[in-house]
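Reading through the structure tokens given below for one structure.
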Amino acid sequence: MRRLRENVNRRSVLKAGALVVAFSLAGAKVVSARVLVRDGAGGDASTAKAIGGFVRIEAAGRIVLVMPSVEMGQGIYTAEAVLLAEELEVGLDQVDLVAAPPDALLYAQPLFKAQLTGGSTSIRGFWTPLRQAGATARAMLVAAAAARWSVPPETCSTDRATVRHEASGRSLSYGELAGDAAAGPTPTNVPLKGAGQWKLIGRSVKRLDTPQKVNGQAVFGIDVVVPGMKIAAVTMCPVDGGRIASLDDRATRRLQGVRDVLRLEGVVAVVGDTYWTAKTGLDALLIEWDHGPNAAVSSETMRSKQAQASSSGKPIAGLLLGDVEGAFTAARKRVEAVYELPFLAHATMEPVNTTVHVRPDGCDIWVGTQTPVVAQTHAARILGLPKDKVRIHNHLIGGGFGRRLQADTIEQAVAFARQVDYPVKFIWTREQDIRHDRFRPSYYDRIAAALGSDGLPVAWTHRVTSGTVRQYFDEGGWPQGRLDKDAVNGAWDTPYDLPAIRVDWVRHDPPVKLNWWRGVGPTHNTFVVESFMDELAHEAGRDPIAYRQALLGKELRSRAVLDLAAMKAGWGTPLPPRSGRGISLHKNFDTRAALVVEVAVDEAGSIQLRRIVAAVDCGIQINPDTIRAQIQGGVIFGLSAALYNGITFAQGRVQQGNFNDYRQMRINEIPPFEVHLITSEASPGGLGEVGTVSAAPALANAIFAATGVRVRRLPIDRAMLAARTN
Amino acid sequence: MVSLNVNGLSVEPNATPDTPLLWVLRDHLGLTGTKFGCGIAQCGACTVHLDGRPVRSCVLPVGLVKGRAVTTIEAIGQTQVGQKVQEAWLDLEVVQCGYCQSGQIMAAAALLARNPHPDDAAIDAAMAGNICRCGTYPRIRDAIKAAAT
């Protein structure tokens, strides 16, 4: 039976005889496995580190796999379960999965050294540690069986949670062996299977989280029901940084079912027996806001200041290679361009929500978060509680895309919930979810190339001007003068041979709070680099694919995906008028991806997608079917933004608020979509963000091919694409 | 108090008639499979069936539902077409985060109930009201076709 459970319940971990295999990932290197046995008598504090680990086998036979990464649609619960089950030798139908509780020691993502799901790191970071955990636990179970039978361990075999001794026909289940195994020594450096021995890795096994997602049984954060729980609707000052000037809640308090009206500096919550009662009460409030210091913020002003900063600001060095100035001086031709990208909201399907119960001695939080330790730390600080008194019950996430990396929404809920003694579920409306999001930064990029006699770039400069997400994520903000690599990722590590290159960043903090967004830095920079590469090919009078091929001497994997995408897409075959194909290529998250988008643009400038073809080399494939799904979904996510999305401000207010004015692509806009995978033996690369990175430049380049209009600003302005009549 | 028939059961939730059906289902009846997405009938996450036809429960006052049969994602598997849709969804691994999929499945089941063999245009017309931010659209189309065979 497959079950997904809430995160590890402390008592269940402390059952006698449980085998818990845990690795500490806090350091730069994975340290050897250790077994944590608890008999249930130990005090809470002393056993805190015993909670979790990745594998738990209970005497009753239950096999629990603890998921260090959160499931938000990317299929990671299944992939991480596969890594553990492969080496542990258990069937996927024999395991329960639980979300890891906050524990920076046990569950840190090795690539970040923090418990965080994002940046397409889950498989890259946990590829080896999870297989090691499974293999170590298996070795201990085998040792226990061998000892009981007085036979050499190597004469034992394992399959489906059972150790067998073929010669004598004996067998014992893992549950029967768990107690002995836990009492035995923990082996180190247990060998892992070779690729030829894999039963699960590389197969498109069925996802473990989906059966309950097709019948309404899956519990997302917003679905949590806690005994005695009330539900709150909140309203925030429409201008970030404002505060309540006056509040008249008399009409609200008269409504049946309204329990409380709570205030923070710039937010009001109405608590009711049901959400609709709370929402009705919210609408009956009379609030005057003091709009505060951002009341005059507008997109026009921010845009011009950002452009100005690009020229006058002090650049922070990213990469400098070769004689850039000399090459530009000597070059016969210089091409330069400015690219602009807007603020973006995440608009996850599941709106922001948090359920909190604050008591004098502790706090429980039910939520879907990409950063459980951050949520716990901030809640503990607000409440003045030790961290271990704040319990985070992490849930399936109805879309993350980066939104649930920051804990601002959880902090708000905790600050409200401490004012009452009962549990409260806080739900933001869609409008609040979009308007009070923390946005993907806007970018203003100047890019230039000096071309040699063959038309290929001999020198390249790329200056990014933007704010930094780290200002809002790191304790104490981000120091002035220090490079935020996210600003230049995808710009300083292109796949191309660029003999002289300078990439730098001008930090320009807008009066807007920022957050990461699917594809992070590479989504922005790859749009600029790949669009500009297309411009250069056009300047050189060369085919965009042939032009790129000429610059991929060292990047054979990139070249292979480029060639495959071109071949599968029928690159070069004739298309009707005002139709075109565009290509993008990138190598980010240790994956190579090429994308061909084919469009038709009508006389009025409307864009119709005709066909999409992706080619991807992500190294070793854990689950090919999930890989295809992630590429399709990621591309569609990126195309939606390029086609429709930009958050704009007027008088300090976000001008978009719901799916009517923050449009997303719909099924009728999606053309046939092929994903081709290249088999590879390289270490597994990331996937969740790869497609999103590919999307916008391939689309923009296709539009250029169809219309001759170069898109240098997103979202795409249809008026620019209308046919000229002169 | 309003009287309702939800998934074949008669219920009398203590809700005012202006309460959207969505919140009656979720907060009064504990049927949380139906999702809140936008509140303005733009995304389809809240889709349920009213006498077999898909409706956006986030904008449908419960007072207007009286005497009609409400079916939600929790019970759609009890219909033949609903079961086929759920099976196709799993066979083709449509689902990613899953938050919109209750609404997608309800819309697809309603489509197939009235049009057992929809072409692409019919799928577009029936499904364009349902947004998926994970971008599962290609597989939704394929799964509807698979369920239709």
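Lettering and numbering for the structure tokens are positional, with chains as A, B, ... in the shown order, residues counted from 1 in each chain, and ligands counted from 1 in the shown order.
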- Message: List the spatial neighbours of B:Trp23 as a list in words - criterion: any atom at most 9 Å away, only C-alpha atoms, same-chain residues fewer than 3 positions off excluded.
- Response: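 Neighbouring residues, sequence-local ones excluded: Thr274, Tyr275 and Trp276 of chain A; Thr19, Pro20, Arg26, Asp27, His28, Leu29, Phe36, Ser57 and Cys58 of chain B.
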Write a file of the just-selected residues containing C-alpha atoms, as a compact mmCIF listing (two decimals), in the first residue's frame.
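Once written, again.txt looks like this:
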# COMPACT_ATOMS: atom_id res chain seq x y z
CA THR A 274 -15.78 29.37 7.53
CA TYR A 275 -13.82 31.08 4.79
CA TRP A 276 -16.90 32.67 3.29
CA THR B 19 -22.29 31.33 0.00
CA PRO B 20 -20.54 29.99 -3.09
CA ARG B 26 -14.93 22.66 1.45
CA ASP B 27 -15.78 24.18 4.82
CA HIS B 28 -19.23 22.80 5.64
CA LEU B 29 -19.04 19.35 4.08
CA PHE B 36 -10.11 27.38 -4.72
CA SER B 57 -18.53 26.40 -7.88
CA CYS B 58 -16.57 29.47 -6.76
- Message: Residues near B:Gly33, anyone? I mean within 9 Å using only C-alpha atoms, not counting same-chain ones fewer than 2 positions away, as a ChimeraX atom specification.
- Response: /A:213,215-219,223 /B:25-26,30-31,35,46,72-74,99,102
- Task: Up to 6 Å from chain B, what residues of chain A turn up? Count only C-alpha atoms and give them as a ChimeraX atom specification.
- Result: /A:72-73,213-216,223,274,349,398-399,430,633,636,666-668
- Which one is closest to A:Val66: A:Met236, A:Val599, A:Ala100, A:Ala182? Count only C-alpha atoms. A:Ala100
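As for atom CA of A:Ala546 and atom CA of A:Ala696, they are spaced 20.4 Å apart.
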- Message: I'd like the contact shell of B:Pro116 - 10 Å cut-off, only C-alpha atoms, skipping same-chain residues fewer than 5 positions apart - returned as a PyMOL selection string.
- Response: chain B and resi 81+109-111+144-145+147-149
Limited to C-alpha atoms, could you put the picked residues into a file as a PDB file, in the first residue's frame?
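Result saved to again31.pdb:
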ATOM      1  CA  VAL B  81     -16.874   7.918 -17.532  1.00  0.00           C
ATOM      2  CA  ALA B 109     -15.635  13.774 -17.518  1.00  0.00           C
ATOM      3  CA  ALA B 110     -18.448  16.174 -18.395  1.00  0.00           C
ATOM      4  CA  LEU B 111     -17.096  16.490 -21.923  1.00  0.00           C
ATOM      5  CA  ILE B 144      -9.042  12.568 -22.879  1.00  0.00           C
ATOM      6  CA  LYS B 145      -8.486  10.787 -26.167  1.00  0.00           C
ATOM      7  CA  ALA B 147     -10.395   7.733 -22.093  1.00  0.00           C
ATOM      8  CA  ALA B 148     -12.596   8.104 -25.174  1.00  0.00           C
ATOM      9  CA  THR B 149     -11.465   4.854 -26.743  1.00  0.00           C
TER      10      THR B 149
END
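Counting from atom CA of A:Pro574, the distance to atom CA of A:Ala540 is 21.3 Å.
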- Message: One decimal, in Å: what's the spacing between atom CA of A:Leu383 and atom CA of A:Asp421?
- Response: 13.1 Å
- Item | All residues 10 Å or closer to A:Gly119, only C-alpha atoms, same chain fewer than 2 positions away omitted, as a VMD selection string | chain A and resid 111 to 112 116 to 117 121 to 122 401 to 402 516 to 521 589 686 to 690
Export N, CA and C atoms of the chosen residues as a PDB file, in the first residue's frame?
ATOM      1  N   LEU A 111      23.891  20.678  -2.215  1.00  0.00           N
ATOM      2  CA  LEU A 111      24.399  21.763  -3.067  1.00  0.00           C
ATOM      3  C   LEU A 111      24.186  23.133  -2.429  1.00  0.00           C
ATOM      4  N   PHE A 112      23.269  23.240  -1.506  1.00  0.00           N
ATOM      5  CA  PHE A 112      23.036  24.527  -0.831  1.00  0.00           C
ATOM      6  C   PHE A 112      23.495  24.518   0.624  1.00  0.00           C
ATOM      7  N   LEU A 116      16.340  23.021   1.451  1.00  0.00           N
ATOM      8  CA  LEU A 116      15.686  23.889   0.473  1.00  0.00           C
ATOM      9  C   LEU A 116      15.428  23.093  -0.792  1.00  0.00           C
ATOM     10  N   THR A 117      14.219  23.163  -1.300  1.00  0.00           N
ATOM     11  CA  THR A 117      13.912  22.529  -2.584  1.00  0.00           C
ATOM     12  C   THR A 117      13.797  23.620  -3.625  1.00  0.00           C
ATOM     13  N   THR A 121      17.980  21.253  -7.950  1.00  0.00           N
ATOM     14  CA  THR A 121      19.115  20.625  -7.274  1.00  0.00           C
ATOM     15  C   THR A 121      18.802  19.263  -6.665  1.00  0.00           C
ATOM     16  N   SER A 122      17.525  18.919  -6.542  1.00  0.00           N
ATOM     17  CA  SER A 122      17.188  17.758  -5.700  1.00  0.00           C
ATOM     18  C   SER A 122      17.920  16.494  -6.122  1.00  0.00           C
ATOM     19  N   PHE A 401       7.299  26.979  -7.867  1.00  0.00           N
ATOM     20  CA  PHE A 401       7.917  27.889  -8.843  1.00  0.00           C
ATOM     21  C   PHE A 401       8.787  28.945  -8.151  1.00  0.00           C
ATOM     22  N   GLY A 402       9.125  28.725  -6.889  1.00  0.00           N
ATOM     23  CA  GLY A 402       9.936  29.671  -6.134  1.00  0.00           C
ATOM     24  C   GLY A 402       9.155  30.440  -5.086  1.00  0.00           C
ATOM     25  N   TRP A 516      12.915  34.347  -6.107  1.00  0.00           N
ATOM     26  CA  TRP A 516      13.280  33.522  -7.253  1.00  0.00           C
ATOM     27  C   TRP A 516      12.025  33.034  -7.956  1.00  0.00           C
ATOM     28  N   TRP A 517      12.198  32.725  -9.213  1.00  0.00           N
ATOM     29  CA  TRP A 517      11.084  32.306 -10.077  1.00  0.00           C
ATOM     30  C   TRP A 517      11.634  31.233 -10.995  1.00  0.00           C
ATOM     31  N   ARG A 518      10.824  30.311 -11.370  1.00  0.00           N
ATOM     32  CA  ARG A 518      11.252  29.106 -12.089  1.00  0.00           C
ATOM     33  C   ARG A 518      12.308  29.412 -13.170  1.00  0.00           C
ATOM     34  N   GLY A 519      13.407  28.714 -13.073  1.00  0.00           N
ATOM     35  CA  GLY A 519      14.512  28.932 -14.012  1.00  0.00           C
ATOM     36  C   GLY A 519      15.548  29.903 -13.495  1.00  0.00           C
ATOM     37  N   VAL A 520      15.193  30.613 -12.451  1.00  0.00           N
ATOM     38  CA  VAL A 520      16.056  31.595 -11.769  1.00  0.00           C
ATOM     39  C   VAL A 520      16.920  32.379 -12.759  1.00  0.00           C
ATOM     40  N   GLY A 521      18.153  32.705 -12.375  1.00  0.00           N
ATOM     41  CA  GLY A 521      19.003  33.544 -13.218  1.00  0.00           C
ATOM     42  C   GLY A 521      19.048  33.134 -14.681  1.00  0.00           C
ATOM     43  N   PHE A 589      22.040  24.011 -14.859  1.00  0.00           N
ATOM     44  CA  PHE A 589      21.618  22.951 -13.935  1.00  0.00           C
ATOM     45  C   PHE A 589      22.231  21.602 -14.353  1.00  0.00           C
ATOM     46  N   GLY A 686      19.800  18.712 -13.514  1.00  0.00           N
ATOM     47  CA  GLY A 686      18.506  19.209 -13.059  1.00  0.00           C
ATOM     48  C   GLY A 686      17.521  19.300 -14.209  1.00  0.00           C
ATOM     49  N   LEU A 687      16.233  19.375 -13.861  1.00  0.00           N
ATOM     50  CA  LEU A 687      15.205  19.382 -14.901  1.00  0.00           C
ATOM     51  C   LEU A 687      14.056  20.350 -14.671  1.00  0.00           C
ATOM     52  N   GLY A 688      13.713  20.635 -13.433  1.00  0.00           N
ATOM     53  CA  GLY A 688      12.508  21.399 -13.175  1.00  0.00           C
ATOM     54  C   GLY A 688      12.493  22.758 -13.852  1.00  0.00           C
ATOM     55  N   GLU A 689      13.644  23.354 -14.015  1.00  0.00           N
ATOM     56  CA  GLU A 689      13.704  24.718 -14.535  1.00  0.00           C
ATOM     57  C   GLU A 689      14.179  24.782 -15.983  1.00  0.00           C
ATOM     58  N   VAL A 690      14.644  23.656 -16.491  1.00  0.00           N
ATOM     59  CA  VAL A 690      15.313  23.656 -17.791  1.00  0.00           C
ATOM     60  C   VAL A 690      14.397  24.150 -18.915  1.00  0.00           C
TER      61      VAL A 690
END
- Task: Would you mind telling me which residue in B:Asp142, B:Asp119, B:Asn14, B:Asn5 lies nearest to B:Thr71 when using only C-alpha atoms?
- Result: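 Nearest candidate to B:Thr71 out of B:Asp142, B:Asp119, B:Asn14, B:Asn5: B:Asn5.
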Helix (DSSP H, G or I) per DSSP on the backbone: members of stretch 14-145 of chain B, as a compact mmCIF listing (two decimals) with C-alpha atoms, in the first residue's frame:
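What landed in result-v9.txt:
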# COMPACT_ATOMS: atom_id res chain seq x y z
CA LEU B 21 -21.00 26.25 -3.46
CA LEU B 22 -17.19 25.89 -3.36
CA TRP B 23 -16.96 26.99 0.26
CA VAL B 24 -19.98 24.95 1.29
CA LEU B 25 -18.28 21.87 -0.13
CA ARG B 26 -14.93 22.66 1.45
CA ASP B 27 -15.78 24.18 4.82
CA HIS B 28 -19.23 22.80 5.64
CA SER B 57 -18.53 26.40 -7.88
CA CYS B 58 -16.57 29.47 -6.76
CA VAL B 59 -19.21 31.82 -8.21
CA VAL B 62 -25.48 27.60 -2.95
CA GLY B 63 -29.02 28.95 -2.80
CA LEU B 64 -29.32 28.40 -6.55
CA ILE B 73 -14.21 14.87 -7.60
CA GLU B 74 -14.65 12.63 -4.55
CA ALA B 75 -17.50 10.78 -6.29
CA ILE B 76 -16.76 11.10 -10.00
CA GLN B 80 -18.17 4.92 -15.63
CA VAL B 81 -16.87 7.92 -17.53
CA GLY B 82 -15.29 9.41 -14.42
CA GLN B 83 -13.48 6.19 -13.69
CA LYS B 84 -12.17 6.01 -17.26
CA VAL B 85 -10.91 9.56 -17.01
CA GLN B 86 -9.13 8.89 -13.72
CA GLU B 87 -7.54 5.75 -15.14
CA ALA B 88 -6.38 7.59 -18.25
CA TRP B 89 -4.98 10.36 -16.07
CA LEU B 90 -2.89 7.80 -14.20
CA ASP B 91 -1.94 5.74 -17.25
CA GLN B 101 -6.50 18.35 -11.66
CA SER B 102 -9.78 17.91 -9.78
CA GLY B 103 -11.22 20.61 -12.00
CA GLN B 104 -9.55 19.23 -15.11
CA ILE B 105 -10.95 15.76 -14.46
CA MET B 106 -14.45 17.10 -13.78
CA ALA B 107 -14.36 19.12 -17.00
CA ALA B 108 -13.06 16.15 -18.97
CA ALA B 109 -15.63 13.77 -17.52
CA ALA B 110 -18.45 16.17 -18.39
CA LEU B 111 -17.10 16.49 -21.92
CA LEU B 112 -16.89 12.75 -22.46
CA ALA B 113 -20.32 12.16 -20.95
CA ARG B 114 -21.93 14.29 -23.65
CA ASP B 120 -9.31 18.46 -30.79
CA ALA B 121 -11.66 21.38 -31.27
CA ALA B 122 -14.18 19.88 -28.88
CA ILE B 123 -11.43 19.27 -26.32
CA ASP B 124 -10.28 22.87 -26.69
CA ALA B 125 -13.79 24.18 -26.24
CA ALA B 126 -14.48 22.07 -23.16
CA MET B 127 -11.09 22.43 -21.47
CA TYR B 137 -2.02 20.37 -21.26
CA PRO B 138 -0.42 18.01 -23.82
CA ARG B 139 -1.11 15.05 -21.57
CA ILE B 140 -4.60 16.23 -20.69
CA ARG B 141 -5.42 16.17 -24.39
CA ASP B 142 -3.90 12.72 -24.83
CA ALA B 143 -5.63 11.36 -21.74
CA ILE B 144 -9.04 12.57 -22.88
CA LYS B 145 -8.49 10.79 -26.17
To test your reading of the structure, identify every residue in stretch 558-707 of chain A that backbone DSSP assigns to strand (DSSP E or B), and report it as a PDB file with N, CA and C atoms, in the first residue's frame.
ATOM      1  N   SER A 579       5.415  32.753 -41.044  1.00  0.00           N
ATOM      2  CA  SER A 579       5.668  31.649 -40.119  1.00  0.00           C
ATOM      3  C   SER A 579       7.174  31.535 -39.948  1.00  0.00           C
ATOM      4  N   GLY A 580       7.583  30.978 -38.832  1.00  0.00           N
ATOM      5  CA  GLY A 580       9.025  30.832 -38.635  1.00  0.00           C
ATOM      6  C   GLY A 580       9.344  29.903 -37.492  1.00  0.00           C
ATOM      7  N   ARG A 581      10.610  29.433 -37.518  1.00  0.00           N
ATOM      8  CA  ARG A 581      11.097  28.599 -36.420  1.00  0.00           C
ATOM      9  C   ARG A 581      12.184  29.367 -35.677  1.00  0.00           C
ATOM     10  N   GLY A 582      12.199  29.159 -34.371  1.00  0.00           N
ATOM     11  CA  GLY A 582      13.261  29.748 -33.559  1.00  0.00           C
ATOM     12  C   GLY A 582      13.914  28.686 -32.709  1.00  0.00           C
ATOM     13  N   ILE A 583      15.192  28.906 -32.434  1.00  0.00           N
ATOM     14  CA  ILE A 583      15.956  27.932 -31.652  1.00  0.00           C
ATOM     15  C   ILE A 583      16.460  28.595 -30.370  1.00  0.00           C
ATOM     16  N   SER A 584      16.571  27.812 -29.327  1.00  0.00           N
ATOM     17  CA  SER A 584      17.367  28.241 -28.168  1.00  0.00           C
ATOM     18  C   SER A 584      18.180  27.051 -27.700  1.00  0.00           C
ATOM     19  N   LEU A 585      19.311  27.373 -27.099  1.00  0.00           N
ATOM     20  CA  LEU A 585      20.216  26.347 -26.592  1.00  0.00           C
ATOM     21  C   LEU A 585      20.771  26.844 -25.273  1.00  0.00           C
ATOM     22  N   HIS A 586      20.844  25.975 -24.300  1.00  0.00           N
ATOM     23  CA  HIS A 586      21.515  26.383 -23.058  1.00  0.00           C
ATOM     24  C   HIS A 586      22.026  25.185 -22.300  1.00  0.00           C
ATOM     25  N   LYS A 587      22.962  25.462 -21.415  1.00  0.00           N
ATOM     26  CA  LYS A 587      23.432  24.429 -20.493  1.00  0.00           C
ATOM     27  C   LYS A 587      23.416  25.039 -19.098  1.00  0.00           C
ATOM     28  N   ASN A 588      22.385  24.703 -18.378  1.00  0.00           N
ATOM     29  CA  ASN A 588      22.255  25.146 -16.993  1.00  0.00           C
ATOM     30  C   ASN A 588      21.795  23.958 -16.166  1.00  0.00           C
ATOM     31  N   THR A 591      22.462  20.326 -17.228  1.00  0.00           N
ATOM     32  CA  THR A 591      21.689  19.707 -18.295  1.00  0.00           C
ATOM     33  C   THR A 591      21.873  20.527 -19.569  1.00  0.00           C
ATOM     34  N   ARG A 592      21.796  19.867 -20.723  1.00  0.00           N
ATOM     35  CA  ARG A 592      21.844  20.573 -22.009  1.00  0.00           C
ATOM     36  C   ARG A 592      20.469  20.483 -22.642  1.00  0.00           C
ATOM     37  N   ALA A 593      19.993  21.613 -23.157  1.00  0.00           N
ATOM     38  CA  ALA A 593      18.652  21.616 -23.736  1.00  0.00           C
ATOM     39  C   ALA A 593      18.595  22.518 -24.948  1.00  0.00           C
ATOM     40  N   ALA A 594      18.000  22.006 -26.009  1.00  0.00           N
ATOM     41  CA  ALA A 594      17.721  22.800 -27.204  1.00  0.00           C
ATOM     42  C   ALA A 594      16.224  22.747 -27.449  1.00  0.00           C
ATOM     43  N   LEU A 595      15.694  23.872 -27.915  1.00  0.00           N
ATOM     44  CA  LEU A 595      14.258  23.951 -28.137  1.00  0.00           C
ATOM     45  C   LEU A 595      13.999  24.654 -29.464  1.00  0.00           C
ATOM     46  N   VAL A 596      13.134  24.046 -30.267  1.00  0.00           N
ATOM     47  CA  VAL A 596      12.667  24.707 -31.488  1.00  0.00           C
ATOM     48  C   VAL A 596      11.182  24.997 -31.329  1.00  0.00           C
ATOM     49  N   VAL A 597      10.830  26.270 -31.490  1.00  0.00           N
ATOM     50  CA  VAL A 597       9.430  26.675 -31.467  1.00  0.00           C
ATOM     51  C   VAL A 597       9.074  27.156 -32.872  1.00  0.00           C
ATOM     52  N   GLU A 598       7.921  26.707 -33.349  1.00  0.00           N
ATOM     53  CA  GLU A 598       7.447  27.145 -34.662  1.00  0.00           C
ATOM     54  C   GLU A 598       6.181  27.968 -34.461  1.00  0.00           C
ATOM     55  N   VAL A 599       6.159  29.165 -35.053  1.00  0.00           N
ATOM     56  CA  VAL A 599       5.006  30.058 -34.877  1.00  0.00           C
ATOM     57  C   VAL A 599       4.487  30.553 -36.216  1.00  0.00           C
ATOM     58  N   ALA A 600       3.231  31.000 -36.179  1.00  0.00           N
ATOM     59  CA  ALA A 600       2.666  31.798 -37.262  1.00  0.00           C
ATOM     60  C   ALA A 600       2.162  33.088 -36.621  1.00  0.00           C
ATOM     61  N   VAL A 601       2.463  34.204 -37.243  1.00  0.00           N
ATOM     62  CA  VAL A 601       2.033  35.499 -36.712  1.00  0.00           C
ATOM     63  C   VAL A 601       1.108  36.131 -37.738  1.00  0.00           C
ATOM     64  N   ILE A 607      -0.107  35.762 -32.229  1.00  0.00           N
ATOM     65  CA  ILE A 607       0.885  34.687 -32.338  1.00  0.00           C
ATOM     66  C   ILE A 607       0.188  33.348 -32.160  1.00  0.00           C
ATOM     67  N   GLN A 608       0.426  32.461 -33.103  1.00  0.00           N
ATOM     68  CA  GLN A 608      -0.086  31.100 -32.940  1.00  0.00           C
ATOM     69  C   GLN A 608       1.097  30.147 -32.911  1.00  0.00           C
ATOM     70  N   LEU A 609       1.176  29.353 -31.847  1.00  0.00           N
ATOM     71  CA  LEU A 609       2.231  28.343 -31.779  1.00  0.00           C
ATOM     72  C   LEU A 609       1.813  27.167 -32.645  1.00  0.00           C
ATOM     73  N   ARG A 610       2.744  26.655 -33.449  1.00  0.00           N
ATOM     74  CA  ARG A 610       2.402  25.566 -34.359  1.00  0.00           C
ATOM     75  C   ARG A 610       3.018  24.233 -33.927  1.00  0.00           C
ATOM     76  N   ARG A 611       4.183  24.310 -33.368  1.00  0.00           N
ATOM     77  CA  ARG A 611       4.870  23.058 -33.028  1.00  0.00           C
ATOM     78  C   ARG A 611       6.013  23.373 -32.070  1.00  0.00           C
ATOM     79  N   ILE A 612       6.277  22.461 -31.151  1.00  0.00           N
ATOM     80  CA  ILE A 612       7.392  22.625 -30.221  1.00  0.00           C
ATOM     81  C   ILE A 612       8.179  21.317 -30.195  1.00  0.00           C
ATOM     82  N   VAL A 613       9.498  21.437 -30.312  1.00  0.00           N
ATOM     83  CA  VAL A 613      10.366  20.256 -30.279  1.00  0.00           C
ATOM     84  C   VAL A 613      11.532  20.541 -29.337  1.00  0.00           C
ATOM     85  N   ALA A 614      11.679  19.693 -28.346  1.00  0.00           N
ATOM     86  CA  ALA A 614      12.781  19.847 -27.391  1.00  0.00           C
ATOM     87  C   ALA A 614      13.724  18.660 -27.507  1.00  0.00           C
ATOM     88  N   ALA A 615      15.006  18.931 -27.306  1.00  0.00           N
ATOM     89  CA  ALA A 615      15.997  17.851 -27.190  1.00  0.00           C
ATOM     90  C   ALA A 615      16.810  18.121 -25.933  1.00  0.00           C
ATOM     91  N   VAL A 616      16.951  17.093 -25.109  1.00  0.00           N
ATOM     92  CA  VAL A 616      17.524  17.281 -23.778  1.00  0.00           C
ATOM     93  C   VAL A 616      18.521  16.170 -23.468  1.00  0.00           C
ATOM     94  N   ASP A 617      19.651  16.565 -22.919  1.00  0.00           N
ATOM     95  CA  ASP A 617      20.612  15.619 -22.345  1.00  0.00           C
ATOM     96  C   ASP A 617      20.805  16.009 -20.890  1.00  0.00           C
ATOM     97  N   ILE A 647       4.419  42.107 -14.363  1.00  0.00           N
ATOM     98  CA  ILE A 647       3.794  42.831 -13.255  1.00  0.00           C
ATOM     99  C   ILE A 647       4.183  44.296 -13.378  1.00  0.00           C
ATOM    100  N   PHE A 649       3.379  48.500 -12.038  1.00  0.00           N
ATOM    101  CA  PHE A 649       2.959  49.269 -10.875  1.00  0.00           C
ATOM    102  C   PHE A 649       2.465  50.649 -11.310  1.00  0.00           C
ATOM    103  N   ALA A 650       1.419  51.137 -10.653  1.00  0.00           N
ATOM    104  CA  ALA A 650       0.982  52.527 -10.795  1.00  0.00           C
ATOM    105  C   ALA A 650       0.554  53.016  -9.422  1.00  0.00           C
ATOM    106  N   ARG A 653       0.704  50.577  -6.652  1.00  0.00           N
ATOM    107  CA  ARG A 653      -0.152  49.382  -6.665  1.00  0.00           C
ATOM    108  C   ARG A 653       0.199  48.485  -7.843  1.00  0.00           C
ATOM    109  N   VAL A 654       0.171  47.182  -7.586  1.00  0.00           N
ATOM    110  CA  VAL A 654       0.308  46.222  -8.677  1.00  0.00           C
ATOM    111  C   VAL A 654      -0.964  46.259  -9.508  1.00  0.00           C
ATOM    112  N   PHE A 673       3.771  18.823 -29.155  1.00  0.00           N
ATOM    113  CA  PHE A 673       4.980  19.103 -28.369  1.00  0.00           C
ATOM    114  C   PHE A 673       5.757  17.807 -28.211  1.00  0.00           C
ATOM    115  N   GLU A 674       6.927  17.737 -28.839  1.00  0.00           N
ATOM    116  CA  GLU A 674       7.771  16.540 -28.738  1.00  0.00           C
ATOM    117  C   GLU A 674       8.948  16.815 -27.815  1.00  0.00           C
ATOM    118  N   VAL A 675       9.297  15.807 -27.025  1.00  0.00           N
ATOM    119  CA  VAL A 675      10.519  15.884 -26.220  1.00  0.00           C
ATOM    120  C   VAL A 675      11.385  14.691 -26.567  1.00  0.00           C
ATOM    121  N   HIS A 676      12.611  14.953 -26.986  1.00  0.00           N
ATOM    122  CA  HIS A 676      13.557  13.889 -27.328  1.00  0.00           C
ATOM    123  C   HIS A 676      14.706  13.907 -26.326  1.00  0.00           C
ATOM    124  N   LEU A 677      14.996  12.731 -25.777  1.00  0.00           N
ATOM    125  CA  LEU A 677      16.037  12.636 -24.759  1.00  0.00           C
ATOM    126  C   LEU A 677      17.264  11.934 -25.326  1.00  0.00           C
TER     127      LEU A 677
END
- Neighbour list for A:Ser173 as an MDAnalysis selection string, cut-off 9 Å, only C-alpha atoms, skip fewer than 5 positions in-chain: chainID A and resid 61 160:164 178
- Query: Hey, what's within 8 Å of stretch 130-132 of chain A if we count only C-alpha atoms and toss same-chain stuff fewer than 2 positions away? As a list in words, please?
  - Reply: Phe54, Glu80, Leu83, Leu84, Glu86, Glu87, Phe126, Trp127, Thr128, Gly134, Ala135, Thr136, Val190 and Leu192 of chain A
Write out, as a compact mmCIF listing (two decimals), in the first residue's frame, the residues just selected, with C-alpha atoms.
# COMPACT_ATOMS: atom_id res chain seq x y z
CA PHE A 54 16.03 8.62 5.05
CA GLU A 80 13.91 10.12 -4.43
CA LEU A 83 17.00 6.13 -5.42
CA LEU A 84 16.41 4.74 -1.93
CA GLU A 86 16.87 0.79 -5.75
CA GLU A 87 19.64 0.13 -3.26
CA PHE A 126 20.76 13.61 -3.42
CA TRP A 127 21.75 11.26 -6.24
CA THR A 128 24.57 9.69 -4.23
CA GLY A 134 19.53 2.61 0.83
CA ALA A 135 22.64 0.50 0.32
CA THR A 136 23.81 0.96 3.90
CA VAL A 190 28.99 0.19 1.03
CA LEU A 192 26.53 0.91 -4.93
